[in-house]
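Student: What follows is the file upload_36.cif, containing mmCIF, C-alpha atoms:
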data_coords
#
loop_
_atom_site.label_atom_id
_atom_site.label_comp_id
_atom_site.auth_asym_id
_atom_site.auth_seq_id
_atom_site.Cartn_x
_atom_site.Cartn_y
_atom_site.Cartn_z
CA MET N 8 -2.03 30.62 5.00
CA GLY N 9 -1.57 29.32 1.49
CA ASP N 10 1.39 27.15 2.52
CA ILE N 11 -0.57 25.80 5.50
CA ALA N 12 -3.52 24.91 3.28
CA LYS N 13 -1.20 23.15 0.82
CA GLY N 14 0.31 21.16 3.67
CA VAL N 15 -3.08 20.11 5.00
CA LEU N 16 -4.32 19.15 1.55
CA GLY N 17 -1.08 17.29 0.86
CA GLY N 18 0.63 14.83 3.15
CA GLY N 19 -1.17 16.18 6.23
CA TRP N 20 -4.57 15.42 4.73
CA ALA N 21 -3.48 11.88 3.88
CA LEU N 22 -2.36 11.41 7.49
CA VAL N 23 -5.66 12.72 8.87
CA VAL N 24 -7.91 10.66 6.60
CA GLY N 25 -5.74 7.58 6.40
CA TRP N 26 -4.79 7.10 10.06
CA ILE N 27 -6.19 9.67 12.50
CA LEU N 28 -9.84 9.51 11.37
CA PRO N 29 -10.20 5.70 11.59
CA THR N 30 -8.35 5.78 14.91
CA ALA N 31 -10.85 8.33 16.21
CA LEU N 32 -13.76 6.13 15.08
CA ASN N 33 -12.33 3.10 16.85
CA LEU N 34 -11.64 5.10 20.01
CA ALA N 35 -15.21 6.40 19.99
CA VAL N 36 -16.55 2.84 19.78
CA PHE N 37 -14.24 1.81 22.61
CA LEU N 38 -15.23 4.79 24.77
CA PHE N 39 -18.98 4.21 24.50
CA THR N 40 -19.14 0.42 24.52
CA VAL N 41 -16.11 -1.06 26.27
CA ALA N 42 -14.79 1.65 28.59
CA PRO N 43 -17.87 1.74 30.88
CA SER N 44 -17.22 -1.90 31.81
CA LEU N 45 -13.56 -1.32 32.65
CA HIS N 46 -12.14 -0.19 35.96
CA ARG N 47 -10.56 3.22 35.54
CA PRO N 48 -7.86 4.49 37.90
CA PRO N 49 -8.61 7.74 39.78
CA PHE N 50 -6.24 9.80 37.63
CA LEU N 51 -8.18 8.83 34.51
CA GLU N 52 -11.38 9.95 36.20
CA ARG N 53 -9.81 13.37 36.67
CA LEU N 54 -8.51 13.48 33.09
CA LEU N 55 -11.78 12.20 31.61
CA PRO N 56 -14.65 13.80 33.54
CA THR N 57 -18.19 12.88 32.60
CA GLY N 58 -19.42 14.76 29.54
CA GLN N 59 -16.00 16.17 28.66
CA ALA N 60 -14.50 13.34 26.61
CA ALA N 61 -14.25 15.15 23.27
CA LEU N 62 -10.85 16.80 23.81
CA PRO N 63 -9.12 13.72 25.32
CA LEU N 64 -10.60 11.62 22.52
CA LEU N 65 -9.22 14.00 19.90
CA VAL N 66 -5.77 14.09 21.50
CA ALA N 67 -5.68 10.29 21.83
CA ALA N 68 -6.79 9.86 18.21
CA ILE N 69 -4.03 12.16 16.96
CA LEU N 70 -1.33 10.48 19.03
CA LEU N 71 -2.40 6.93 18.18
CA GLY N 72 -2.88 7.90 14.54
CA LEU N 73 0.70 9.19 14.40
CA VAL N 74 1.94 5.98 16.00
CA LEU N 75 0.05 3.83 13.48
CA ASN N 76 1.37 5.96 10.64
CA ALA N 77 4.92 5.38 11.89
CA LEU N 78 4.22 1.64 12.11
CA GLN N 79 2.49 1.37 8.75
CA THR N 80 5.28 -0.70 7.16
CA PRO N 81 5.09 -3.63 9.62
CA LEU N 82 1.29 -3.33 9.73
CA TYR N 83 1.12 -3.68 5.96
CA ARG N 84 3.77 -6.40 5.84
CA PHE N 85 1.77 -8.60 8.17
CA LEU N 86 -1.39 -8.26 6.07
CA GLU N 87 0.65 -8.86 2.92
CA GLY N 88 2.01 -12.09 4.40
CA TYR N 89 5.65 -11.07 4.68
CA ALA N 90 6.10 -10.43 8.42
CA LEU N 91 5.46 -12.79 11.36
CA TRP N 92 4.27 -15.56 9.05
CA PRO N 93 5.72 -19.04 9.72
CA THR N 94 7.40 -20.58 6.69
CA ALA N 95 4.78 -23.30 6.38
CA ALA N 96 1.92 -20.78 6.49
CA TYR N 97 3.68 -18.54 3.97
CA GLU N 98 4.22 -21.37 1.48
CA ARG N 99 0.69 -22.69 1.97
CA GLY N 100 -0.71 -19.20 1.38
CA CYS N 101 1.33 -18.80 -1.82
CA ARG N 102 0.08 -22.14 -3.13
CA LYS N 103 -3.49 -21.17 -2.33
CA GLN N 104 -3.17 -17.79 -4.08
CA ARG N 105 -1.54 -19.34 -7.16
CA ALA N 106 -4.39 -21.84 -7.39
CA ARG N 107 -6.94 -19.04 -7.03
CA ARG N 108 -5.16 -17.06 -9.73
CA ARG N 109 -5.22 -20.05 -12.11
CA ARG N 110 -8.91 -20.68 -11.41
CA THR N 111 -9.73 -17.05 -12.15
CA ALA N 112 -7.73 -17.16 -15.38
CA ASP N 113 -9.49 -20.37 -16.44
CA ARG N 114 -12.91 -18.91 -15.65
CA LEU N 115 -12.07 -15.82 -17.67
CA ALA N 116 -10.94 -17.95 -20.62
CA LEU N 117 -14.22 -19.91 -20.51
CA ALA N 118 -16.34 -16.76 -20.17
CA ALA N 119 -16.17 -15.81 -23.84
CA SER N 120 -19.94 -16.12 -24.15
CA ALA N 121 -20.68 -14.51 -20.78
CA SER N 122 -21.92 -10.98 -20.35
CA PRO N 123 -19.37 -8.13 -20.64
CA ILE N 124 -19.96 -7.28 -16.98
CA ARG N 125 -19.11 -10.84 -15.92
CA ARG N 126 -15.91 -10.81 -17.99
CA ALA N 127 -14.98 -7.41 -16.59
CA LEU N 128 -15.38 -8.64 -13.01
CA LEU N 129 -13.23 -11.70 -13.68
CA SER N 130 -10.62 -9.55 -15.42
CA GLU N 131 -10.60 -7.19 -12.44
CA LYS N 132 -9.97 -10.08 -10.03
CA LEU N 133 -7.20 -11.44 -12.23
CA SER N 134 -5.58 -8.01 -12.52
CA ARG N 135 -5.06 -7.99 -8.74
CA TYR N 136 -2.31 -10.56 -9.13
CA PRO N 137 1.25 -9.93 -10.32
CA ALA N 138 2.01 -10.86 -13.91
CA ASP N 139 4.83 -13.19 -12.87
CA ASP N 140 3.59 -16.30 -11.09
CA THR N 141 6.80 -16.43 -9.02
CA GLN N 142 5.91 -13.05 -7.52
CA VAL N 143 2.63 -14.27 -6.01
CA ALA N 144 2.26 -13.42 -2.30
CA PRO N 145 0.37 -15.49 0.31
CA THR N 146 -2.51 -13.03 0.77
CA ARG N 147 -4.90 -11.15 -1.49
CA LEU N 148 -3.73 -7.77 -0.21
CA GLY N 149 -0.13 -8.80 -0.73
CA ASN N 150 -0.86 -9.72 -4.35
CA ALA N 151 -2.91 -6.59 -4.96
CA ILE N 152 0.07 -4.48 -3.87
CA ARG N 153 2.72 -6.69 -5.41
CA ARG N 154 1.13 -6.31 -8.87
CA PHE N 155 2.14 -2.65 -9.09
CA GLU N 156 5.39 -3.08 -7.17
CA GLU N 157 6.63 -5.33 -10.00
CA TYR N 158 4.90 -3.44 -12.83
CA GLY N 159 7.92 -1.34 -13.77
CA TYR N 160 10.29 -4.30 -13.71
CA ASP N 161 7.98 -6.58 -15.69
CA ARG N 162 7.40 -4.03 -18.46
CA TYR N 163 10.65 -2.07 -18.59
CA ARG N 164 13.07 -3.78 -16.17
CA LEU N 165 12.77 -0.60 -14.08
CA ASP N 166 12.75 -1.83 -10.49
CA THR N 167 10.56 0.73 -8.71
CA GLN N 168 11.39 -0.82 -5.34
CA VAL N 169 15.03 0.17 -5.82
CA LEU N 170 14.52 3.43 -7.73
CA TRP N 171 11.37 4.65 -5.96
CA ASN N 172 12.87 7.86 -4.56
CA GLU N 173 14.51 8.74 -7.85
CA LEU N 174 11.33 8.03 -9.80
CA THR N 175 9.06 10.04 -7.50
CA SER N 176 11.52 12.94 -7.61
CA ALA N 177 11.59 13.02 -11.41
CA ALA N 178 7.95 12.15 -12.16
CA PRO N 179 5.32 14.88 -12.67
CA ASP N 180 3.89 16.35 -9.46
CA TRP N 181 0.33 15.31 -10.22
CA THR N 182 1.32 11.63 -10.42
CA ARG N 183 2.78 11.80 -6.92
CA ARG N 184 -0.39 13.44 -5.63
CA GLN N 185 -2.47 10.71 -7.27
CA ILE N 186 -0.45 8.03 -5.49
CA ASP N 187 -0.77 9.74 -2.11
CA THR N 188 -4.53 10.16 -2.55
CA ALA N 189 -5.05 6.59 -3.73
CA ARG N 190 -2.96 5.11 -0.92
CA THR N 191 -4.94 7.11 1.66
CA ASN N 192 -8.02 5.02 0.87
CA VAL N 193 -6.13 1.80 1.57
CA ASP N 194 -4.58 3.26 4.74
CA PHE N 195 -8.06 4.11 6.02
CA PHE N 196 -9.32 0.54 5.77
CA VAL N 197 -6.10 -0.93 7.16
CA ALA N 198 -6.21 1.37 10.20
CA LEU N 199 -9.91 0.64 10.66
CA LEU N 200 -9.21 -3.10 10.50
CA TYR N 201 -6.47 -3.05 13.12
CA GLY N 202 -8.52 -0.76 15.35
CA HIS N 203 -11.55 -3.03 15.15
CA LEU N 204 -9.36 -5.98 16.07
CA ALA N 205 -7.94 -4.18 19.11
CA VAL N 206 -11.38 -3.03 20.34
CA ALA N 207 -12.92 -6.47 19.78
CA VAL N 208 -10.15 -8.19 21.75
CA THR N 209 -10.56 -5.65 24.55
CA ALA N 210 -14.32 -6.17 24.57
CA PHE N 211 -14.00 -9.93 24.94
CA ALA N 212 -11.31 -9.53 27.60
CA ALA N 213 -13.56 -7.13 29.55
CA LEU N 214 -16.15 -9.88 29.96
CA ALA N 215 -14.12 -11.09 32.93
CA ALA N 216 -15.00 -7.94 34.90
CA SER N 217 -17.59 -8.53 37.60
CA ASP N 218 -19.71 -5.47 36.80
CA ALA N 219 -19.31 -5.67 32.99
CA ASP N 220 -22.26 -5.17 30.67
CA HIS N 221 -21.97 -8.55 28.99
CA MET N 222 -24.61 -7.96 26.33
CA VAL N 223 -22.97 -4.75 25.11
CA LEU N 224 -19.48 -6.26 25.17
CA ILE N 225 -20.51 -9.39 23.30
CA ALA N 226 -22.44 -7.39 20.72
CA THR N 227 -19.47 -5.06 20.26
CA GLY N 228 -16.92 -7.85 19.95
CA VAL N 229 -19.02 -9.91 17.53
CA SER N 230 -19.98 -6.91 15.39
CA LEU N 231 -16.43 -5.63 15.06
CA SER N 232 -15.10 -9.13 14.36
CA ALA N 233 -17.67 -9.51 11.59
CA LEU N 234 -16.64 -6.18 10.06
CA ILE N 235 -12.92 -7.01 9.91
CA PRO N 236 -13.21 -9.19 6.75
CA LEU N 237 -15.31 -6.44 5.15
CA TRP N 238 -12.59 -3.84 5.72
CA TYR N 239 -9.99 -6.29 4.42
CA HIS N 240 -11.96 -6.79 1.19
CA ALA N 241 -12.38 -3.03 0.93
CA SER N 242 -8.64 -2.48 1.32
CA VAL N 243 -7.95 -4.97 -1.48
CA ALA N 244 -10.46 -3.25 -3.78
CA ALA N 245 -9.05 0.18 -2.90
CA THR N 246 -5.64 -0.84 -4.26
CA ASP N 247 -7.01 -0.60 -7.82
CA GLU N 248 -6.70 3.19 -7.83
CA TRP N 249 -3.30 2.95 -6.14
CA ALA N 250 -2.11 0.53 -8.82
CA ALA N 251 -3.37 2.82 -11.59
CA ALA N 252 -1.52 5.79 -10.07
CA VAL N 253 1.76 3.87 -9.80
CA ARG N 254 1.35 2.60 -13.35
CA ALA N 255 0.88 6.16 -14.59
CA MET N 256 3.96 7.32 -12.71
CA VAL N 257 6.10 4.55 -14.21
CA ASN N 258 4.84 5.12 -17.74
CA LEU N 259 5.12 8.91 -17.63
CA GLY N 260 8.11 9.22 -15.31
CA ARG N 261 10.57 7.01 -17.18
CA LYS N 262 11.68 9.70 -19.60
CA PRO N 263 12.14 12.45 -16.95
CA LEU N 264 14.00 9.94 -14.77
CA ALA N 265 16.33 8.99 -17.62
CA GLU N 266 17.06 12.65 -18.33
CA ALA N 267 17.65 13.36 -14.64
CA LEU N 268 20.17 10.50 -14.54
CA GLY N 269 22.00 11.85 -17.58
CA LEU N 270 20.73 9.11 -19.87
CA VAL N 271 18.91 9.06 -23.21
CA LEU N 272 15.79 6.90 -23.40
CA PRO N 273 16.34 4.44 -26.27
CA LYS N 274 13.79 4.18 -29.05
CA ASP N 275 13.86 0.40 -29.04
CA LEU N 276 12.00 -1.19 -26.11
CA HIS N 277 14.54 -4.00 -25.79
CA ASP N 278 17.34 -1.46 -25.47
CA GLU N 279 15.32 0.48 -22.91
CA ARG N 280 14.80 -2.64 -20.82
CA THR N 281 18.55 -3.29 -20.96
CA MET N 282 19.26 0.28 -19.85
CA TRP N 283 16.93 0.15 -16.85
CA HIS N 284 18.33 -3.24 -15.88
CA LEU N 285 21.79 -1.65 -15.80
CA VAL N 286 20.53 1.34 -13.79
CA THR N 287 18.86 -0.94 -11.26
CA ARG N 288 21.92 -3.17 -10.96
CA MET N 289 24.24 -0.19 -10.53
CA SER N 290 21.98 1.17 -7.78
CA ARG N 291 22.09 -2.11 -5.88
CA ARG N 292 25.72 -3.15 -6.35
CA PRO N 293 29.12 -1.52 -5.87
CA TYR N 294 30.60 0.18 -8.91
CA ALA N 295 32.44 -2.04 -11.38
CA PRO N 296 34.68 -0.74 -14.21
CA ALA N 297 32.62 -2.71 -16.72
CA ALA N 298 29.74 -0.27 -16.10
CA ARG N 299 31.60 2.37 -18.14
CA ASP N 300 31.29 0.46 -21.41
CA ALA N 301 27.83 -0.89 -20.53
CA PHE N 302 26.38 2.61 -20.01
CA ALA N 303 28.21 4.24 -22.92
CA PRO N 304 25.37 3.76 -25.47
CA TYR N 305 22.85 5.39 -23.14
CA ARG N 306 24.82 8.32 -21.73
CA ALA N 307 23.64 11.76 -22.81
CA GLY N 308 26.27 13.97 -24.42
CA PRO N 309 27.40 17.21 -22.82
CA THR N 310 25.19 20.18 -23.58
CA ASP N 311 26.62 22.79 -25.89
CA PRO N 312 27.56 26.08 -24.17
CA PRO N 313 25.26 29.00 -24.97
CA THR N 314 26.27 31.08 -27.98
CA PRO N 315 27.35 34.55 -26.88
CA THR N 316 25.29 37.40 -28.29
CA ALA N 317 26.69 40.67 -29.46
#
Let me see the structure of the file written as structure tokens.

Tutor:
Amino acid sequence: MGDIAKGVLGGGWALVVGWILPTALNLAVFLFTVAPSLHRPPFLERLLPTGQAALPLLVAAILLGLVLNALQTPLYRFLEGYALWPTAAYERGCRKQRARRRRTADRLALAASASPIRRALLSEKLSRYPADDTQVAPTRLGNAIRRFEEYGYDRYRLDTQVLWNELTSAAPDWTRRQIDTARTNVDFFVALLYGHLAVAVTAFAALAASDADHMVLIATGVSLSALIPLWYHASVAATDEWAAAVRAMVNLGRKPLAEALGLVLPKDLHDERTMWHLVTRMSRRPYAPAARDAFAPYRAGPTDPPTPTA
């Protein structure tokens, strides 16, 4: 029972809260507002008898939640502006986000006499952009995620996109749990957003039915469409905790990662950045003989054998 509880409170809990729960909410809205206006085949009438929709709803929520969880990478990539975006739209979005970033930075610089709360809000908005202007993405969610994707490389030349599995394996357990918990909040709003979009489109499409309840369908479609920007803003704000968790893992996991790779973390920050640059490059490229001399200053010596006792 203890192992089961750990599994539920670990990755299983993130799956339930992040994907299955919002899917169940969207299915419930669909069932009570859109489904009555749709023509249902006879076999669905047998599977979904009146007053007994709880079990089919639960099963459908679990199955669809698992599907969304499996598709989370393309779902995120579209909202980040990387997938299915025409080149012109991508470049226009990047220009718009760079301009917004500059305006926020200018407003923060001019807010020296403003209240601390005002400066904190502007600083929070600015912190949701990557440090490097060339890393700016075409959407706010893309930038909010990109800021911690490039954090390790910007500070230490440790590319977390390349060394993610190694870093999460070597970092303390509690940092990994923090990341999973923080990401669950973003997953929840992303799943809710996509679900609202699907139900709203279905509601508007159902208006073509002859016996449809037009008032309910219009109210449902308009309400859900109005909530989509709210969930998008919430997903962007929820990345703050995710970014803090990744930052903690990079800062605290560098030394265990270096030791796990058989390296010694240099005392000088410049040397450390050089070392992580070499590790990242070696992970991405085929081995070259020059790597032997390049890694020599950072390689840990062999451990002394234990001294036998009498």

Student: For Thr188 (chain N), which residue out of N:Leu34, N:Ala90, N:Leu128, N:Ala245 is the nearest one, using only C-alpha atoms?

Tutor: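 For Thr188 (chain N), the nearest of the given residues is N:Ala245.
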
Student: What residues come out when you apply the PyMOL selection byres ((chain N and resi 64) around 10) to this file, written as a PDB file with C-alpha atoms, in the frame of the given file?

Tutor:
ATOM      1  CA  THR N  30      -8.350   5.780  14.910  1.00  0.00           C
ATOM      2  CA  ALA N  31     -10.850   8.330  16.210  1.00  0.00           C
ATOM      3  CA  LEU N  32     -13.760   6.130  15.080  1.00  0.00           C
ATOM      4  CA  LEU N  34     -11.640   5.100  20.010  1.00  0.00           C
ATOM      5  CA  ALA N  35     -15.210   6.400  19.990  1.00  0.00           C
ATOM      6  CA  LEU N  38     -15.230   4.790  24.770  1.00  0.00           C
ATOM      7  CA  LEU N  55     -11.780  12.200  31.610  1.00  0.00           C
ATOM      8  CA  GLN N  59     -16.000  16.170  28.660  1.00  0.00           C
ATOM      9  CA  ALA N  60     -14.500  13.340  26.610  1.00  0.00           C
ATOM     10  CA  ALA N  61     -14.250  15.150  23.270  1.00  0.00           C
ATOM     11  CA  LEU N  62     -10.850  16.800  23.810  1.00  0.00           C
ATOM     12  CA  PRO N  63      -9.120  13.720  25.320  1.00  0.00           C
ATOM     13  CA  LEU N  65      -9.220  14.000  19.900  1.00  0.00           C
ATOM     14  CA  VAL N  66      -5.770  14.090  21.500  1.00  0.00           C
ATOM     15  CA  ALA N  67      -5.680  10.290  21.830  1.00  0.00           C
ATOM     16  CA  ALA N  68      -6.790   9.860  18.210  1.00  0.00           C
ATOM     17  CA  ILE N  69      -4.030  12.160  16.960  1.00  0.00           C
ATOM     18  CA  LEU N  70      -1.330  10.480  19.030  1.00  0.00           C
TER      19      LEU N  70
END

Student: With all atoms listed in the file as the basis for distance, which of N:Ala295, N:Ala244, N:Ala301, N:Ala96 is at the shortest distance from Ala151 (chain N)?

Tutor: N:Ala244

Student: List the residues matched by the PyMOL selection byres ((chain N and resi 213) around 8) in the displayed structure as a ChimeraX atom specification, ordered by chain and then by residue number.

Tutor: /N:41,44-45,209-212,214-216,219,224

Student: For the file shown, what are the residues hit by the PyMOL selection byres ((chain N and resi 265-282) around 8), laid out as a ChimeraX atom specification?

Tutor: /N:162-165,177,261-264,283-286,302,305-307

Student: Just to confirm, what's the straight-line distance from CA of Ser134 (chain N) to CA of Lys103 (chain N) in Å (one decimal)?

Tutor: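 Answer for the CA of Ser134 (chain N) to CA of Lys103 (chain N) separation: 16.8 Å.
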
Student: Excluding Thr167 (chain N) and residues on its chain fewer than 5 positions from it, collect all residues at most 8 Å away from it, counting all atoms listed in the file, and give them as number ranges by chain.

Tutor: N: 156-157, 159-160, 174

Student: Need to verify the contact set: Arg102 (chain N), 9 Å, only C-alpha atoms, exclusion of same-chain residues closer than 5 positions in sequence. Can you return it as number ranges by chain?

Tutor: N: 97, 107, 143, 145

Student: For CA of Thr175 (chain N) and CA of Arg299 (chain N), quote the distance in Å rounded to one decimal.

Tutor: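 The value is 26.1 Å.
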
Student: What's the separation between CA of Leu170 (chain N) and CA of Tyr239 (chain N), in Å to one decimal place?

Tutor: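 CA of Leu170 (chain N) sits 29.0 Å away from CA of Tyr239 (chain N).
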
Student: Using all atoms listed in the file, which of the listed residues (N:Trp171, N:Trp181, N:Tyr83, N:Phe195) sits closest to Asn33 (chain N)?

Tutor: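 Ranking N:Trp171, N:Trp181, N:Tyr83, N:Phe195 by distance to Asn33 (chain N), first place goes to N:Phe195.
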
Student: Once you add 8 Å to each side, what are the centre and edge lengths of the axis-aligned box holding all listed atoms of region 68-80 of chain N? One decimal in Å, as lines of an AutoDock Vina configuration file, if you can.

Tutor:
center_x = -0.8
center_y = 5.7
center_z = 13.1
size_x = 28.1
size_y = 28.9
size_z = 27.9

Student: Of the residues N:Asp218, N:Leu22, N:Ile124, N:Tyr158, which is the one nearest to Asn76 (chain N), using only C-alpha atoms?

Tutor: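 Among the listed residues, the smallest separation from Asn76 (chain N) belongs to N:Leu22.
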
Student: Compare N:Thr287, N:Thr246, N:Asn172, N:Ser122 by their minimum atom-to-atom distance to Arg154 (chain N), counting all atoms listed in the file, and give me the closest one.

Tutor: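 Nearest to Arg154 (chain N): N:Thr246.
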
Student: Between N:Arg99, N:Val257, N:Gln79, N:Arg105, single out the one closest to Ser176 (chain N), counting only C-alpha atoms.

Tutor: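 Answer, going by the shortest atom-to-atom distance: N:Val257.
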
Student: Would you mind listing what lies within 9 Å of region 230-238 of chain N as number ranges by chain, with all atoms listed in the file counted and same-chain residues fewer than 3 positions away left out?

Tutor: N: 196-197, 199-201, 203-204, 206-208, 225-227, 241-243

Student: Taking (-5.2, -16.6, -5.5) in the file's coordinates as the center, which residues reach within 12 Å of it, counting only C-alpha atoms, put as a ChimeraX atom specification?

Tutor: /N:99-112,132-137,140,142-151

Student: I'd like the contact shell of Gln185 (chain N) - 10 Å cut-off, only C-alpha atoms, skipping same-chain residues fewer than 6 positions apart - returned as a list in words.

Tutor: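 The residues satisfying every condition are Thr191, Glu248, Trp249, Ala251, Ala252, Val253, Ala255 and Met256 of chain N.
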
Student: Skip Ala118 (chain N) itself and residues of its chain fewer than 6 positions away, then list as a list of chain:residue names all residues within 9 Å of it, counting only C-alpha atoms.

Tutor: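 Final neighbour list, sorted by chain and number: N:Arg125, N:Arg126, N:Leu129.
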